[in-house]
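Participant: Starting off with a structure, shown below.
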Amino acid sequence: MNRNRTGSHIEKLQAERAQTLLKLTHLQEALRSEVDPEFDEGDPDLVEHEKAMALAQGLERKLESIDYALRQAQNGAYGICERCGERIDPARLEAVPETTLCLKCKVVDERRIRMRAIPVQI
Ligand SMILES: [Zn+2]
């Protein structure tokens with residue numbers, strides 16, 4: 001059935017993982033080799049440093065979700081929404097291979113996060 005399609009998504013996921021890990025390693029090395037960690041307020045180097053830190057954090061989070069999706073794949077649950085159990089749209093997996101939520105659940109999730117940010121009016 002869809003076995004081959006799922007296989008290619010997992011290959012993509014593994015390639016993405018290797019790439020993300022490589023980027024993260026380079027970034028961490030660059031951050032470690034910074035000669036002067038003492039920055040002044042408004043120092044352009046500080047801005048660069050913070051950008052690099054934010055990027056590294058983003059990559060770490062991405063790596064975590066890729067690992068999670070790969071674990072799901074080992075359980076044979078790759079491409080299945082972990083919330084509603086529906087099959088995730090292959091086009092969505094193509095675009096975001098590390099996702100474990102279908103688009104519907106993702107939208108609900110984001111709406112919930114937004115609603116949490118707004119005080120409830122009674
Ligand atoms: Zn779902």
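Naming scheme: A, B, ... for chains in displayed order of the structure tokens; residues 1 onward per chain; ligands 1 onward as shown.
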Dump the neighbourhood of ligand 1 as a PyMOL selection string: all residues within 12 Å, distances computed on only C-alpha atoms and all ligand atoms.
Facilitator: chain A and resi 79-89+99-109
Participant: Using N, CA and C atoms, can you write the selected residues to a file as a PDB file, in the first residue's frame?
Facilitator:
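Once written, selection21.pdb looks like this:
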```pdb
ATOM      1  N   GLY A  79       3.081   9.066  10.448  1.00  0.00           N
ATOM      2  CA  GLY A  79       2.073   9.535   9.506  1.00  0.00           C
ATOM      3  C   GLY A  79       0.653   9.429  10.048  1.00  0.00           C
ATOM      4  N   ILE A  80       0.554   8.996  11.321  1.00  0.00           N
ATOM      5  CA  ILE A  80      -0.750   8.931  11.966  1.00  0.00           C
ATOM      6  C   ILE A  80      -0.797  10.053  13.001  1.00  0.00           C
ATOM      7  N   CYS A  81      -1.885  10.820  12.986  1.00  0.00           N
ATOM      8  CA  CYS A  81      -2.019  11.918  13.934  1.00  0.00           C
ATOM      9  C   CYS A  81      -2.107  11.348  15.343  1.00  0.00           C
ATOM     10  N   GLU A  82      -1.268  11.866  16.253  1.00  0.00           N
ATOM     11  CA  GLU A  82      -1.253  11.293  17.599  1.00  0.00           C
ATOM     12  C   GLU A  82      -2.446  11.756  18.425  1.00  0.00           C
ATOM     13  N   ARG A  83      -3.179  12.740  17.930  1.00  0.00           N
ATOM     14  CA  ARG A  83      -4.332  13.195  18.692  1.00  0.00           C
ATOM     15  C   ARG A  83      -5.617  12.505  18.248  1.00  0.00           C
ATOM     16  N   CYS A  84      -5.889  12.514  16.940  1.00  0.00           N
ATOM     17  CA  CYS A  84      -7.174  11.985  16.490  1.00  0.00           C
ATOM     18  C   CYS A  84      -7.036  10.622  15.814  1.00  0.00           C
ATOM     19  N   GLY A  85      -5.791  10.180  15.557  1.00  0.00           N
ATOM     20  CA  GLY A  85      -5.589   8.854  14.975  1.00  0.00           C
ATOM     21  C   GLY A  85      -5.852   8.784  13.482  1.00  0.00           C
ATOM     22  N   GLU A  86      -6.130   9.942  12.876  1.00  0.00           N
ATOM     23  CA  GLU A  86      -6.342   9.967  11.429  1.00  0.00           C
ATOM     24  C   GLU A  86      -4.992   9.983  10.713  1.00  0.00           C
ATOM     25  N   ARG A  87      -5.008   9.551   9.445  1.00  0.00           N
ATOM     26  CA  ARG A  87      -3.817   9.616   8.632  1.00  0.00           C
ATOM     27  C   ARG A  87      -3.464  11.079   8.333  1.00  0.00           C
ATOM     28  N   ILE A  88      -2.218  11.443   8.474  1.00  0.00           N
ATOM     29  CA  ILE A  88      -1.799  12.810   8.157  1.00  0.00           C
ATOM     30  C   ILE A  88      -1.648  12.935   6.643  1.00  0.00           C
ATOM     31  N   ASP A  89      -2.150  14.034   6.102  1.00  0.00           N
ATOM     32  CA  ASP A  89      -2.082  14.299   4.669  1.00  0.00           C
ATOM     33  C   ASP A  89      -0.636  14.151   4.161  1.00  0.00           C
ATOM     34  N   THR A  99       6.292  16.228  11.624  1.00  0.00           N
ATOM     35  CA  THR A  99       5.039  16.490  12.322  1.00  0.00           C
ATOM     36  C   THR A  99       4.391  15.204  12.823  1.00  0.00           C
ATOM     37  N   THR A 100       3.702  15.286  13.975  1.00  0.00           N
ATOM     38  CA  THR A 100       2.960  14.128  14.470  1.00  0.00           C
ATOM     39  C   THR A 100       1.491  14.493  14.660  1.00  0.00           C
ATOM     40  N   LEU A 101       1.100  15.646  14.136  1.00  0.00           N
ATOM     41  CA  LEU A 101      -0.300  16.072  14.207  1.00  0.00           C
ATOM     42  C   LEU A 101      -0.827  16.341  12.803  1.00  0.00           C
ATOM     43  N   CYS A 102      -2.084  15.992  12.551  1.00  0.00           N
ATOM     44  CA  CYS A 102      -2.681  16.350  11.276  1.00  0.00           C
ATOM     45  C   CYS A 102      -2.987  17.845  11.284  1.00  0.00           C
ATOM     46  N   LEU A 103      -3.279  18.380  10.120  1.00  0.00           N
ATOM     47  CA  LEU A 103      -3.463  19.822  10.004  1.00  0.00           C
ATOM     48  C   LEU A 103      -4.608  20.307  10.903  1.00  0.00           C
ATOM     49  N   LYS A 104      -5.703  19.514  10.930  1.00  0.00           N
ATOM     50  CA  LYS A 104      -6.871  19.897  11.729  1.00  0.00           C
ATOM     51  C   LYS A 104      -6.490  20.062  13.201  1.00  0.00           C
ATOM     52  N   CYS A 105      -5.783  19.063  13.738  1.00  0.00           N
ATOM     53  CA  CYS A 105      -5.402  19.088  15.153  1.00  0.00           C
ATOM     54  C   CYS A 105      -4.380  20.194  15.419  1.00  0.00           C
ATOM     55  N   LYS A 106      -3.516  20.419  14.444  1.00  0.00           N
ATOM     56  CA  LYS A 106      -2.502  21.465  14.575  1.00  0.00           C
ATOM     57  C   LYS A 106      -3.171  22.835  14.676  1.00  0.00           C
ATOM     58  N   VAL A 107      -4.200  23.029  13.840  1.00  0.00           N
ATOM     59  CA  VAL A 107      -4.917  24.306  13.853  1.00  0.00           C
ATOM     60  C   VAL A 107      -5.614  24.493  15.201  1.00  0.00           C
ATOM     61  N   VAL A 108      -6.248  23.433  15.693  1.00  0.00           N
ATOM     62  CA  VAL A 108      -6.926  23.492  16.994  1.00  0.00           C
ATOM     63  C   VAL A 108      -5.906  23.831  18.078  1.00  0.00           C
ATOM     64  N   ASP A 109      -4.744  23.191  17.991  1.00  0.00           N
ATOM     65  CA  ASP A 109      -3.660  23.404  18.933  1.00  0.00           C
ATOM     66  C   ASP A 109      -3.238  24.865  18.959  1.00  0.00           C
TER      67      ASP A 109
END
```
Participant: Do you know which residues are at most 7 Å from segment 18-27 of chain A counting only C-alpha atoms, after dropping those on the same chain fewer than 2 positions away, and could you put them as a PyMOL selection string?
Facilitator: chain A and resi 14-16+29-31+56+59+63
Participant: Find the residue from A:Phe39, A:Pro44, A:Gln57, A:Tyr78 that sits nearest to Pro97 of chain A; use only C-alpha atoms when measuring.
Facilitator: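 Among the listed residues, A:Tyr78 lies closest to Pro97 of chain A.
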Participant: From chain A, collect each residue whose DSSP state is helix (DSSP H, G or I) and return the set as a ChimeraX atom specification.
Facilitator: /A:3-32,44-74,90-95,103-117
Participant: Enter the distance from atom CA of Leu93 of chain A to atom CA of Gly7 of chain A, in Å, rounded to one decimal.
Facilitator: 11.8 Å
Participant: Here is a test: counting only C-alpha atoms, which residue of A:Ile66, A:Ala52, A:Arg17, A:Val96 is nearest to Glu34 of chain A?
Facilitator: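 Closest residue, counting only C-alpha atoms: A:Ala52.
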Participant: Quick one: everything within 10 Å of Glu64 of chain A, counting only C-alpha atoms, minus sequence neighbours fewer than 6 positions away in the same chain. Send it as a count of residues only.
Facilitator: 4
Participant: Kindly give the distance, in Å, that separates atom CA of Arg61 of chain A and atom CA of Glu48 of chain A, rounded to a single decimal.
Facilitator: 20.0 Å
